[in-house]
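Shown below: model-v3.pdb, with PDB, C-alpha atoms.
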```
ATOM      1  CA  MET A  28      18.850-100.029  33.785
ATOM      2  CA  ALA A  29      15.429 -98.418  34.034
ATOM      3  CA  VAL A  30      13.608 -98.691  37.335
ATOM      4  CA  PHE A  31      10.962-100.791  35.594
ATOM      5  CA  ALA A  32      11.042-101.472  31.869
ATOM      6  CA  ALA A  33       7.284-101.157  31.522
ATOM      7  CA  LYS A  34       4.165-100.509  33.516
ATOM      8  CA  ALA A  35       3.328-104.223  33.368
ATOM      9  CA  GLY A  36       6.644-104.985  35.050
ATOM     10  CA  PHE A  37       5.722-102.703  37.935
ATOM     11  CA  LEU A  38       2.376-104.429  38.421
ATOM     12  CA  THR A  39       3.982-107.856  38.370
ATOM     13  CA  LEU A  40       6.560-106.872  40.979
ATOM     14  CA  ALA A  41       3.959-105.226  43.194
ATOM     15  CA  ALA A  42       1.780-108.324  43.042
ATOM     16  CA  VAL A  43       4.683-110.598  43.963
ATOM     17  CA  ALA A  44       5.555-108.369  46.911
ATOM     18  CA  THR A  45       1.930-108.332  48.096
ATOM     19  CA  VAL A  46       1.704-112.125  48.074
ATOM     20  CA  ALA A  47       5.105-112.482  49.719
ATOM     21  CA  PHE A  48       4.207-110.190  52.602
ATOM     22  CA  GLY A  49       0.914-112.036  53.001
ATOM     23  CA  VAL A  50      -1.090-108.840  53.472
ATOM     24  CA  VAL A  51      -4.330-107.605  51.984
ATOM     25  CA  GLY A  52      -3.950-104.663  49.648
ATOM     26  CA  ARG A  53      -1.346-103.473  47.228
ATOM     27  CA  ALA A  54       2.331-103.421  48.138
ATOM     28  CA  ARG A  55       4.348-100.512  46.800
ATOM     29  CA  ALA A  56       7.623-101.032  45.000
ATOM     30  CA  GLU A  57       9.881 -98.011  44.601
ATOM     31  CA  LEU A  58      13.334 -96.999  43.563
ATOM     32  CA  LEU A  59      14.831 -95.471  46.707
ATOM     33  CA  ALA A  60      18.055 -94.187  45.149
ATOM     34  CA  ARG A  61      20.642 -94.660  42.435
ATOM     35  CA  VAL A  62      23.964 -95.910  43.806
ATOM     36  CA  PRO A  63      26.649 -96.989  41.308
ATOM     37  CA  ALA A  64      27.604-100.672  41.719
ATOM     38  CA  ALA A  65      25.619-100.929  44.984
ATOM     39  CA  ARG A  66      26.630-103.839  47.210
ATOM     40  CA  GLU A  67      26.257-104.396  50.991
ATOM     41  CA  MET A  68      23.951-102.063  52.932
ATOM     42  CA  ALA A  69      23.892-100.954  56.583
ATOM     43  CA  VAL A  70      20.833 -99.403  58.237
ATOM     44  CA  CYS A  71      22.094 -96.821  60.740
ATOM     45  CA  GLY A  72      19.149 -95.015  62.301
ATOM     46  CA  ASP A  73      17.454 -92.993  59.578
ATOM     47  CA  MET A  74      20.369 -93.380  57.150
ATOM     48  CA  LEU A  75      21.319 -96.191  54.814
ATOM     49  CA  PHE A  76      25.008 -96.638  54.022
ATOM     50  CA  VAL A  77      25.892 -98.527  50.852
ATOM     51  CA  GLY A  78      29.183-100.158  49.943
ATOM     52  CA  THR A  79      30.185-100.592  46.311
ATOM     53  CA  LYS A  80      32.533-102.531  44.072
ATOM     54  CA  GLY A  81      34.025 -99.233  42.932
ATOM     55  CA  SER A  82      35.968 -96.876  45.215
ATOM     56  CA  SER A  83      33.257 -95.058  47.211
ATOM     57  CA  VAL A  84      30.705 -95.440  49.999
ATOM     58  CA  TYR A  85      27.319 -93.697  49.792
ATOM     59  CA  ALA A  86      24.687 -92.504  52.257
ATOM     60  CA  VAL A  87      20.970 -92.503  51.427
ATOM     61  CA  PRO A  88      18.233 -90.991  53.637
ATOM     62  CA  LEU A  89      15.647 -93.681  54.330
ATOM     63  CA  SER A  90      12.985 -90.979  54.158
ATOM     64  CA  GLY A  91      13.940 -90.443  50.507
ATOM     65  CA  GLY A  92      16.450 -88.332  48.677
ATOM     66  CA  ARG A  93      19.523 -88.584  46.503
ATOM     67  CA  ALA A  94      22.481 -90.791  47.390
ATOM     68  CA  ARG A  95      25.512 -88.842  48.545
ATOM     69  CA  ARG A  96      29.111 -90.017  48.344
ATOM     70  CA  VAL A  97      30.475 -89.808  51.896
ATOM     71  CA  ALA A  98      33.841 -91.592  51.564
ATOM     72  CA  SER A  99      36.132 -92.569  48.703
ATOM     73  CA  GLY A 100      39.631 -93.786  47.889
ATOM     74  CA  PHE A 101      38.945 -97.458  48.613
ATOM     75  CA  SER A 102      39.600-100.610  46.641
ATOM     76  CA  ALA A 103      36.136-102.209  46.330
ATOM     77  CA  PRO A 104      34.555-101.165  49.664
ATOM     78  CA  ASN A 105      31.920-103.897  49.393
ATOM     79  CA  GLY A 106      31.234-104.257  53.119
ATOM     80  CA  VAL A 107      29.574-101.753  55.450
ATOM     81  CA  ALA A 108      28.299-102.179  59.012
ATOM     82  CA  CYS A 109      27.409 -99.780  61.802
ATOM     83  CA  ALA A 110      27.548 -99.915  65.593
ATOM     84  CA  ARG A 111      25.949 -96.946  67.338
ATOM     85  CA  ASP A 112      27.687 -93.874  65.944
ATOM     86  CA  ARG A 113      30.433 -95.687  64.025
ATOM     87  CA  LEU A 114      30.573 -97.053  60.483
ATOM     88  CA  PHE A 115      32.936 -99.858  59.491
ATOM     89  CA  VAL A 116      33.969-100.378  55.868
ATOM     90  CA  ALA A 117      35.569-103.613  54.615
ATOM     91  CA  SER A 118      37.500-103.211  51.361
ATOM     92  CA  ARG A 119      39.933-105.523  49.576
ATOM     93  CA  ASP A 120      42.920-104.562  51.712
ATOM     94  CA  SER A 121      41.616-102.961  54.911
ATOM     95  CA  VAL A 122      38.887-102.509  57.493
ATOM     96  CA  THR A 123      38.270 -98.812  58.123
ATOM     97  CA  ALA A 124      36.271 -97.069  60.858
ATOM     98  CA  PHE A 125      34.477 -93.709  60.751
ATOM     99  CA  ASP A 126      32.463 -91.601  63.141
ATOM    100  CA  ILE A 127      28.927 -90.926  61.876
ATOM    101  CA  GLY A 128      27.714 -87.343  62.153
ATOM    102  CA  ARG A 129      24.525 -85.517  61.265
ATOM    103  CA  GLY A 130      23.020 -86.333  57.907
ATOM    104  CA  GLY A 131      25.329 -89.328  57.485
ATOM    105  CA  ALA A 132      28.533 -87.252  57.351
ATOM    106  CA  LEU A 133      31.623 -89.322  58.124
ATOM    107  CA  SER A 134      34.733 -88.173  59.973
ATOM    108  CA  GLY A 135      37.719 -89.535  61.875
ATOM    109  CA  ARG A 136      38.770 -92.022  59.217
ATOM    110  CA  ARG A 137      41.137 -94.682  60.578
ATOM    111  CA  ASP A 138      42.231 -98.115  59.339
ATOM    112  CA  ILE A 139      41.789-100.669  62.098
ATOM    113  CA  ARG A 140      43.145-103.591  60.008
ATOM    114  CA  ARG A 141      45.449-103.463  57.003
ATOM    115  CA  ASP A 142      47.026-105.958  54.630
ATOM    116  CA  LEU A 143      44.040-108.286  54.410
ATOM    117  CA  PRO A 144      44.687-111.589  52.588
ATOM    118  CA  ASN A 145      44.646-111.548  48.789
ATOM    119  CA  SER A 146      41.410-113.247  47.758
ATOM    120  CA  GLY A 147      41.833-112.793  44.005
ATOM    121  CA  ALA A 148      38.493-112.851  42.206
ATOM    122  CA  HIS A 149      36.683-113.391  45.531
ATOM    123  CA  SER A 150      37.846-110.207  47.210
ATOM    124  CA  PHE A 151      34.485-108.584  48.023
ATOM    125  CA  ARG A 152      34.444-108.582  51.829
ATOM    126  CA  TYR A 153      31.230-108.830  53.844
ATOM    127  CA  ILE A 154      31.170-107.320  57.332
ATOM    128  CA  ALA A 155      28.657-107.329  60.186
ATOM    129  CA  VAL A 156      28.520-106.633  63.906
ATOM    130  CA  GLY A 157      27.648-109.752  65.882
ATOM    131  CA  PRO A 158      25.551-110.113  69.054
ATOM    132  CA  ASP A 159      28.868-110.112  70.936
ATOM    133  CA  SER A 160      29.627-106.619  69.500
ATOM    134  CA  ARG A 161      32.603-108.004  67.563
ATOM    135  CA  LEU A 162      33.137-107.392  63.854
ATOM    136  CA  TYR A 163      32.818-110.392  61.546
ATOM    137  CA  VAL A 164      34.528-110.258  58.127
ATOM    138  CA  SER A 165      34.664-112.805  55.291
ATOM    139  CA  PHE A 166      37.820-113.581  53.295
ATOM    140  CA  GLY A 167      37.107-115.450  50.058
ATOM    141  CA  SER A 168      39.229-118.194  48.523
ATOM    142  CA  PRO A 169      41.368-116.856  45.637
ATOM    143  CA  CYS A 170      40.214-119.354  43.022
ATOM    144  CA  ASN A 171      37.486-121.557  41.646
ATOM    145  CA  ILE A 172      38.819-124.764  43.207
ATOM    146  CA  CYS A 173      42.229-124.674  44.912
ATOM    147  CA  LEU A 174      43.812-124.910  48.355
ATOM    148  CA  PRO A 175      43.518-121.599  50.235
ATOM    149  CA  ARG A 176      46.459-120.283  52.251
ATOM    150  CA  GLY A 177      46.531-118.527  55.586
ATOM    151  CA  LEU A 178      43.319-116.582  56.183
ATOM    152  CA  GLN A 179      42.026-117.118  52.645
ATOM    153  CA  GLY A 180      38.700-118.951  52.662
ATOM    154  CA  THR A 181      37.748-117.986  56.202
ATOM    155  CA  ILE A 182      35.426-115.859  58.301
ATOM    156  CA  VAL A 183      37.105-113.992  61.137
ATOM    157  CA  SER A 184      35.998-111.879  64.063
ATOM    158  CA  MET A 185      37.770-108.986  65.762
ATOM    159  CA  ASN A 186      37.205-106.254  68.302
ATOM    160  CA  GLN A 187      35.899-102.948  67.021
ATOM    161  CA  ASP A 188      39.394-101.473  67.251
ATOM    162  CA  GLY A 189      40.755-104.269  65.037
ATOM    163  CA  SER A 190      42.470-106.188  67.823
ATOM    164  CA  GLY A 191      41.895-109.768  68.914
ATOM    165  CA  LEU A 192      41.426-111.307  65.465
ATOM    166  CA  ARG A 193      40.106-114.890  65.562
ATOM    167  CA  ARG A 194      39.312-117.368  62.805
ATOM    168  CA  VAL A 195      35.725-118.538  63.371
ATOM    169  CA  ALA A 196      35.192-120.584  60.175
ATOM    170  CA  TRP A 197      37.486-122.094  57.534
ATOM    171  CA  GLY A 198      37.071-124.205  54.424
ATOM    172  CA  VAL A 199      34.754-121.495  53.056
ATOM    173  CA  ARG A 200      34.850-120.855  49.295
ATOM    174  CA  ASN A 201      33.260-117.403  49.095
ATOM    175  CA  SER A 202      30.800-116.098  51.662
ATOM    176  CA  VAL A 203      29.284-112.696  50.872
ATOM    177  CA  GLY A 204      26.444-112.718  53.364
ATOM    178  CA  PHE A 205      25.689-113.610  56.975
ATOM    179  CA  ASP A 206      23.297-112.740  59.774
ATOM    180  CA  TRP A 207      22.231-114.044  63.192
ATOM    181  CA  ARG A 208      19.083-115.850  64.303
ATOM    182  CA  GLY A 209      18.618-116.874  67.923
ATOM    183  CA  GLY A 210      22.301-116.314  68.625
ATOM    184  CA  THR A 211      23.466-118.503  65.701
ATOM    185  CA  MET A 212      25.221-117.005  62.707
ATOM    186  CA  PHE A 213      24.050-118.320  59.331
ATOM    187  CA  PHE A 214      26.238-117.639  56.293
ATOM    188  CA  THR A 215      25.854-118.209  52.565
ATOM    189  CA  ASP A 216      28.655-119.738  50.516
ATOM    190  CA  ASN A 217      28.958-119.805  46.717
ATOM    191  CA  GLY A 218      29.555-123.207  45.138
ATOM    192  CA  ALA A 219      32.283-123.981  42.634
ATOM    193  CA  ASP A 220      31.955-123.409  38.880
ATOM    194  CA  ARG A 221      32.765-125.577  35.853
ATOM    195  CA  MET A 222      31.352-128.814  37.271
ATOM    196  CA  GLY A 223      28.114-128.747  35.270
ATOM    197  CA  ASP A 224      24.710-127.112  35.486
ATOM    198  CA  ASP A 225      23.497-128.779  38.659
ATOM    199  CA  ILE A 226      26.451-129.333  41.003
ATOM    200  CA  PRO A 227      27.735-128.366  43.446
ATOM    201  CA  PRO A 228      25.003-126.492  45.336
ATOM    202  CA  ASP A 229      25.275-123.055  46.859
ATOM    203  CA  GLU A 230      25.195-123.411  50.623
ATOM    204  CA  LEU A 231      23.711-122.030  53.799
ATOM    205  CA  ASN A 232      25.809-122.880  56.834
ATOM    206  CA  ALA A 233      25.334-122.481  60.580
ATOM    207  CA  LEU A 234      28.430-121.287  62.394
ATOM    208  CA  ARG A 235      30.146-123.503  64.901
ATOM    209  CA  PRO A 236      33.104-121.390  66.046
ATOM    210  CA  GLY A 237      36.343-122.760  64.592
ATOM    211  CA  GLY A 238      34.507-125.178  62.291
ATOM    212  CA  PHE A 239      35.717-126.531  58.925
ATOM    213  CA  TYR A 240      33.159-126.202  56.105
ATOM    214  CA  GLY A 241      34.717-128.430  53.464
ATOM    215  CA  PHE A 242      36.300-126.312  50.703
ATOM    216  CA  PRO A 243      38.112-127.303  48.487
ATOM    217  CA  TYR A 244      37.324-130.947  49.261
ATOM    218  CA  PHE A 245      33.546-130.607  49.259
ATOM    219  CA  GLY A 246      30.878-128.408  47.713
ATOM    220  CA  GLY A 247      27.792-129.174  49.721
ATOM    221  CA  GLN A 248      28.628-132.830  50.294
ATOM    222  CA  ILE A 249      29.876-133.407  46.742
ATOM    223  CA  ARG A 250      33.561-134.013  46.137
ATOM    224  CA  LEU A 251      35.115-131.187  44.096
ATOM    225  CA  LYS A 252      37.142-131.630  40.928
ATOM    226  CA  GLY A 253      40.821-132.317  41.614
ATOM    227  CA  PHE A 254      40.236-133.164  45.280
ATOM    228  CA  GLU A 255      38.112-136.302  44.881
ATOM    229  CA  GLN A 256      40.643-138.550  46.615
ATOM    230  CA  ALA A 257      42.350-135.998  48.855
ATOM    231  CA  PRO A 258      41.843-136.519  52.600
ATOM    232  CA  PRO A 259      40.288-133.407  54.190
ATOM    233  CA  PRO A 260      42.200-131.883  57.118
ATOM    234  CA  ALA A 261      39.200-132.006  59.457
ATOM    235  CA  ARG A 262      35.646-133.296  59.580
ATOM    236  CA  GLN A 263      33.350-131.162  57.441
ATOM    237  CA  ILE A 264      30.407-129.350  59.000
ATOM    238  CA  ALA A 265      27.707-130.004  56.405
ATOM    239  CA  PRO A 266      25.432-127.221  55.116
ATOM    240  CA  VAL A 267      22.078-126.785  56.843
ATOM    241  CA  PHE A 268      20.447-125.923  53.505
ATOM    242  CA  ASN A 269      21.403-126.344  49.845
ATOM    243  CA  PHE A 270      20.387-123.751  47.256
ATOM    244  CA  GLN A 271      20.287-124.548  43.546
ATOM    245  CA  ALA A 272      23.716-124.639  41.941
ATOM    246  CA  HIS A 273      24.949-121.324  40.495
ATOM    247  CA  VAL A 274      22.233-119.042  41.907
ATOM    248  CA  ALA A 275      25.045-117.072  43.653
ATOM    249  CA  ALA A 276      23.447-116.711  47.083
ATOM    250  CA  LEU A 277      24.856-113.526  48.636
ATOM    251  CA  GLY A 278      23.267-111.285  51.278
ATOM    252  CA  ILE A 279      21.011-112.845  53.915
ATOM    253  CA  HIS A 280      18.955-111.051  56.554
ATOM    254  CA  PHE A 281      16.415-112.227  59.128
ATOM    255  CA  PHE A 282      13.291-110.063  59.117
ATOM    256  CA  ARG A 283      11.106-109.205  62.087
ATOM    257  CA  SER A 284       8.375-108.290  59.598
ATOM    258  CA  LEU A 285       8.500-111.839  58.184
ATOM    259  CA  GLY A 286       8.241-113.602  61.527
ATOM    260  CA  GLY A 287      11.959-114.357  61.728
ATOM    261  CA  ASP A 288      12.269-115.884  58.261
ATOM    262  CA  ALA A 289      15.228-114.820  56.139
ATOM    263  CA  LEU A 290      15.463-113.204  52.738
ATOM    264  CA  VAL A 291      18.430-114.176  50.571
ATOM    265  CA  ALA A 292      19.696-112.235  47.547
ATOM    266  CA  GLN A 293      20.494-114.544  44.635
ATOM    267  CA  HIS A 294      22.805-112.586  42.352
ATOM    268  CA  GLY A 295      22.336-114.967  39.420
ATOM    269  CA  SER A 296      24.314-117.488  37.414
ATOM    270  CA  TRP A 297      26.900-117.072  34.696
ATOM    271  CA  ASP A 298      28.226-120.661  34.442
ATOM    272  CA  ARG A 299      24.975-122.379  33.461
ATOM    273  CA  SER A 300      23.247-123.237  30.185
ATOM    274  CA  VAL A 301      19.889-121.968  31.533
ATOM    275  CA  PRO A 302      20.318-118.968  33.881
ATOM    276  CA  VAL A 303      19.029-119.232  37.460
ATOM    277  CA  GLY A 304      18.870-116.837  40.396
ATOM    278  CA  TYR A 305      18.367-113.112  39.688
ATOM    279  CA  GLN A 306      15.830-112.931  42.511
ATOM    280  CA  VAL A 307      15.282-112.630  46.249
ATOM    281  CA  VAL A 308      14.036-115.775  47.980
ATOM    282  CA  ARG A 309      12.285-116.232  51.299
ATOM    283  CA  LEU A 310      13.937-118.887  53.435
ATOM    284  CA  ARG A 311      11.396-120.309  55.853
ATOM    285  CA  PHE A 312      12.490-121.629  59.225
ATOM    286  CA  ARG A 313      10.835-124.190  61.449
ATOM    287  CA  GLY A 314      12.219-125.200  64.820
ATOM    288  CA  GLY A 315      15.251-123.016  64.265
ATOM    289  CA  ARG A 316      16.214-124.699  60.986
ATOM    290  CA  PRO A 317      15.631-123.712  57.332
ATOM    291  CA  VAL A 318      13.068-125.894  55.576
ATOM    292  CA  SER A 319      12.239-124.268  52.219
ATOM    293  CA  ALA A 320      13.136-121.426  49.853
ATOM    294  CA  THR A 321      10.555-119.754  47.623
ATOM    295  CA  THR A 322      10.654-116.760  45.300
ATOM    296  CA  PHE A 323       9.923-113.504  47.105
ATOM    297  CA  LEU A 324      10.873-110.863  44.513
ATOM    298  CA  ARG A 325      11.898-110.908  40.879
ATOM    299  CA  ASP A 326      12.760-108.089  38.463
ATOM    300  CA  VAL A 327      15.317-106.480  40.766
ATOM    301  CA  GLY A 328      18.338-106.776  38.461
ATOM    302  CA  ARG A 329      21.173-108.674  40.123
ATOM    303  CA  PRO A 330      20.399-108.433  43.847
ATOM    304  CA  VAL A 331      23.374-108.349  46.197
ATOM    305  CA  ASP A 332      22.088-107.577  49.684
ATOM    306  CA  VAL A 333      18.830-107.362  51.641
ATOM    307  CA  LYS A 334      18.120-105.386  54.804
ATOM    308  CA  GLU A 335      15.110-104.394  56.899
ATOM    309  CA  ALA A 336      14.240-100.713  57.314
ATOM    310  CA  PRO A 337      12.978 -99.540  60.745
ATOM    311  CA  ASP A 338       9.371 -99.653  59.478
ATOM    312  CA  GLY A 339       9.713-103.269  58.298
ATOM    313  CA  SER A 340      10.191-102.438  54.618
ATOM    314  CA  VAL A 341      12.565-104.537  52.550
ATOM    315  CA  LEU A 342      15.670-102.913  51.056
ATOM    316  CA  VAL A 343      17.425-104.573  48.113
ATOM    317  CA  SER A 344      20.682-103.508  46.430
ATOM    318  CA  ASP A 345      21.359-104.177  42.736
ATOM    319  CA  ASP A 346      24.938-103.759  41.555
ATOM    320  CA  ALA A 347      24.156-104.283  37.860
ATOM    321  CA  GLY A 348      21.524-101.538  37.726
ATOM    322  CA  GLY A 349      23.170 -99.320  40.339
ATOM    323  CA  ALA A 350      20.004 -99.146  42.404
ATOM    324  CA  ILE A 351      18.535 -99.464  45.877
ATOM    325  CA  TYR A 352      14.912-100.635  45.910
ATOM    326  CA  ILE A 353      12.483-100.408  48.805
ATOM    327  CA  PHE A 354       9.420-102.662  49.093
ATOM    328  CA  ARG A 355       6.774-101.394  51.486
ATOM    329  CA  ARG A 356       3.634-103.016  52.834
TER     330      ARG A 356
END
```
What would you get if you wrote out this structure as structure tokens?
Amino acid sequence: MAVFAAKAGFLTLAAVATVAFGVVGRARAELLARVPAAREMAVCGDMLFVGTKGSSVYAVPLSGGRARRVASGFSAPNGVACARDRLFVASRDSVTAFDIGRGGALSGRRDIRRDLPNSGAHSFRYIAVGPDSRLYVSFGSPCNICLPRGLQGTIVSMNQDGSGLRRVAWGVRNSVGFDWRGGTMFFTDNGADRMGDDIPPDELNALRPGGFYGFPYFGGQIRLKGFEQAPPPARQIAPVFNFQAHVAALGIHFFRSLGGDALVAQHGSWDRSVPVGYQVVRLRFRGGRPVSATTFLRDVGRPVDVKEAPDGSVLVSDDAGGAIYIFRR
């Protein structure tokens, strides 16, 4: 994929970014780096680490420069997160820790958790460090609509050495994005397929530790195919916001530069007669709750994750185009 197919595309994207930031003047849109199959990102000081759906993790200088492969030999190391001088990588079957050295060099590789649950087609793990300094990791459900087993369909937390694992959410179909606002974790969840163009919705949920979020009995608050009459095992915690069905809401991040509003990467539909998603939306909050979602950026391929650079710029990963974009004021 070209950075921009034509000059007109660049001007359109720059104009959208300018309006979205609400500033006078022209916003700059740039390709920061090429990263094959780029997925979750972690801002660690002046370095950006990027997970992938391949076998490698990359480091990109935020000041500009080529992406460098800094670790390999994984099975889909989608998730990356940093805490001080350590990087954590969540792949299909393990959570791995590294020490971060100068220039983003990694050393001291060690698996802190192995034998993660088999999540089938939903095996891209998301990982983040919470306000409590614990690691949070998502485990997708292994199906479109079916009954998960064990830790499938959950979000868990653990100490940074891998000990003390706790289930913090269950009944989750496939969460590939979460972040904290005011001490509350908000997480996206992808709705089920093959129920039509407009149901069920993609979800945004607020974490209540130990809570049940409805899957496979509910998508949003709609009964899912095959489980219409089945009694759920616990009372569902309903979503706090519904996105359009099939947009594939993935990474979410709350931005200081946007007054505490969130940006959400919508990876885009495949199971819909008219495609939707393929954009980044701004999720506005009022009184601590989400109230609306509006287009923030288009023409960024299939966005996976969003993060804020130290200067307030917006970073977006695109796994289809193998790119990291940066949007500056």
Using all atoms listed in the file, can you list as an MDAnalysis selection string the residues within 12 Å of (35.4, -133.8, 59.7)?
-> chainID A and resid 198 238:242 244:245 248 258:265
Would you mind exporting C-alpha atoms of the selected residues as a PDB file, in the frame of the given file?
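File produced: selection-v9.pdb:
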```
ATOM      1  CA  GLY A 198      37.071-124.205  54.424  1.00  0.00           C
ATOM      2  CA  GLY A 238      34.507-125.178  62.291  1.00  0.00           C
ATOM      3  CA  PHE A 239      35.717-126.531  58.925  1.00  0.00           C
ATOM      4  CA  TYR A 240      33.159-126.202  56.105  1.00  0.00           C
ATOM      5  CA  GLY A 241      34.717-128.430  53.464  1.00  0.00           C
ATOM      6  CA  PHE A 242      36.300-126.312  50.703  1.00  0.00           C
ATOM      7  CA  TYR A 244      37.324-130.947  49.261  1.00  0.00           C
ATOM      8  CA  PHE A 245      33.546-130.607  49.259  1.00  0.00           C
ATOM      9  CA  GLN A 248      28.628-132.830  50.294  1.00  0.00           C
ATOM     10  CA  PRO A 258      41.843-136.519  52.600  1.00  0.00           C
ATOM     11  CA  PRO A 259      40.288-133.407  54.190  1.00  0.00           C
ATOM     12  CA  PRO A 260      42.200-131.883  57.118  1.00  0.00           C
ATOM     13  CA  ALA A 261      39.200-132.006  59.457  1.00  0.00           C
ATOM     14  CA  ARG A 262      35.646-133.296  59.580  1.00  0.00           C
ATOM     15  CA  GLN A 263      33.350-131.162  57.441  1.00  0.00           C
ATOM     16  CA  ILE A 264      30.407-129.350  59.000  1.00  0.00           C
ATOM     17  CA  ALA A 265      27.707-130.004  56.405  1.00  0.00           C
TER      18      ALA A 265
END
```
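What the PyMOL selection byres ((chain A and resi 110-127) around 6) grabs from this file is Ser102, Ala103, Pro104, Asn105, Gly106, Val107, Ala108, Cys109, Gly128, Gly131, Ala132, Leu133, Ser134, Gly135, Arg136, Arg137, Asp138, Ile139, Arg140, Arg141, Asp142, Leu143, Ser150 and Arg152 of chain A.
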For each of A:Ser284, A:Ala69, A:Ile351, A:Val343, take the minimum atom-to-atom distance to Gly92 (chain A), counting only C-alpha atoms, then give the residue where this is smallest.
-> A:Ile351
In Å to one decimal, how far is CA of Phe281 (chain A) from CA of Arg313 (chain A)?
-> 13.4 Å
Separation of CA of Glu67 (chain A) from CA of Gly246 (chain A) in Å |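 Interatomic distance here is 24.7 Å.
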For each of A:Val291, A:Ala196, A:Leu89, A:Val62, take the minimum atom-to-atom distance to Met74 (chain A), counting only C-alpha atoms, then give the residue where this is smallest.
-> A:Leu89
Please check which residues have atoms at most 10 Å from (12.8, -99.3, 58.7) in the file's coordinates, counting all atoms listed in the file, and write them as a count of residues only.
-> 19
For the atom pair CA of Arg176 (chain A) and CA of Ser83 (chain A), what is the interatomic distance in Å to one decimal place?
-> 28.9 Å
Any idea what's packed within 12 Å of Gly223 (chain A), counting all atoms listed in the file, ignoring anything in its chain fewer than 6 positions away? Could you give it as a PDB file with C-alpha atoms, in the coordinates of the input?
```
ATOM      1  CA  LEU A 251      35.115-131.187  44.096  1.00  0.00           C
ATOM      2  CA  LYS A 252      37.142-131.630  40.928  1.00  0.00           C
ATOM      3  CA  ALA A 272      23.716-124.639  41.941  1.00  0.00           C
ATOM      4  CA  HIS A 273      24.949-121.324  40.495  1.00  0.00           C
ATOM      5  CA  TRP A 297      26.900-117.072  34.696  1.00  0.00           C
ATOM      6  CA  ASP A 298      28.226-120.661  34.442  1.00  0.00           C
ATOM      7  CA  ARG A 299      24.975-122.379  33.461  1.00  0.00           C
ATOM      8  CA  SER A 300      23.247-123.237  30.185  1.00  0.00           C
ATOM      9  CA  VAL A 301      19.889-121.968  31.533  1.00  0.00           C
TER      10      VAL A 301
END
```
Please write as a PyMOL selection string the full residue list that the PyMOL selection byres ((chain A and resi 207) around 12) yields on this file.
-> chain A and resi 155-159+163+204-206+208-215+232-234+279-282+287-289+315
Can you give me, as a list of chain:residue names, the residues this file yields under the PyMOL selection byres ((chain A and resi 200) around 6)?
->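 What the PyMOL selection byres ((chain A and resi 200) around 6) grabs from the file is A:Gly167, A:Ser168, A:Gly180, A:Val199, A:Asn201, A:Phe242.
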Let's have the selection written as a compact mmCIF listing (two decimals), in the frame of the given file, with C-alpha atoms.
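Produced file out13.txt, reproduced below:
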```
# COMPACT_ATOMS: atom_id res chain seq x y z
CA GLY A 167 37.11 -115.45 50.06
CA SER A 168 39.23 -118.19 48.52
CA GLY A 180 38.70 -118.95 52.66
CA VAL A 199 34.75 -121.50 53.06
CA ASN A 201 33.26 -117.40 49.10
CA PHE A 242 36.30 -126.31 50.70
```
Across A:Gln271, A:Thr79, A:Ser296, A:Gln179, the smallest distance to Ala320 (chain A), with all atoms listed in the file counted, is shown by A:Gln271
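Of the listed residues A:Lys80, A:Gly314, A:Val87, A:Gly286, the one whose atoms come nearest to Gly100 (chain A) is A:Lys80, with distances taken using all atoms listed in the file.
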Shell of 10 Å around Tyr352 (chain A), only C-alpha atoms, local chain residues under 4 positions omitted, as a PyMOL selection string = chain A and resi 30+56-61+327+330+333+341-345
So, counting only C-alpha atoms, which residue among A:Val303, A:Ala64, A:Leu324, A:Ala98 is closest to Asp224 (chain A)?
->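 Checking each candidate against Asp224 (chain A), we get A:Val303 as the closest.
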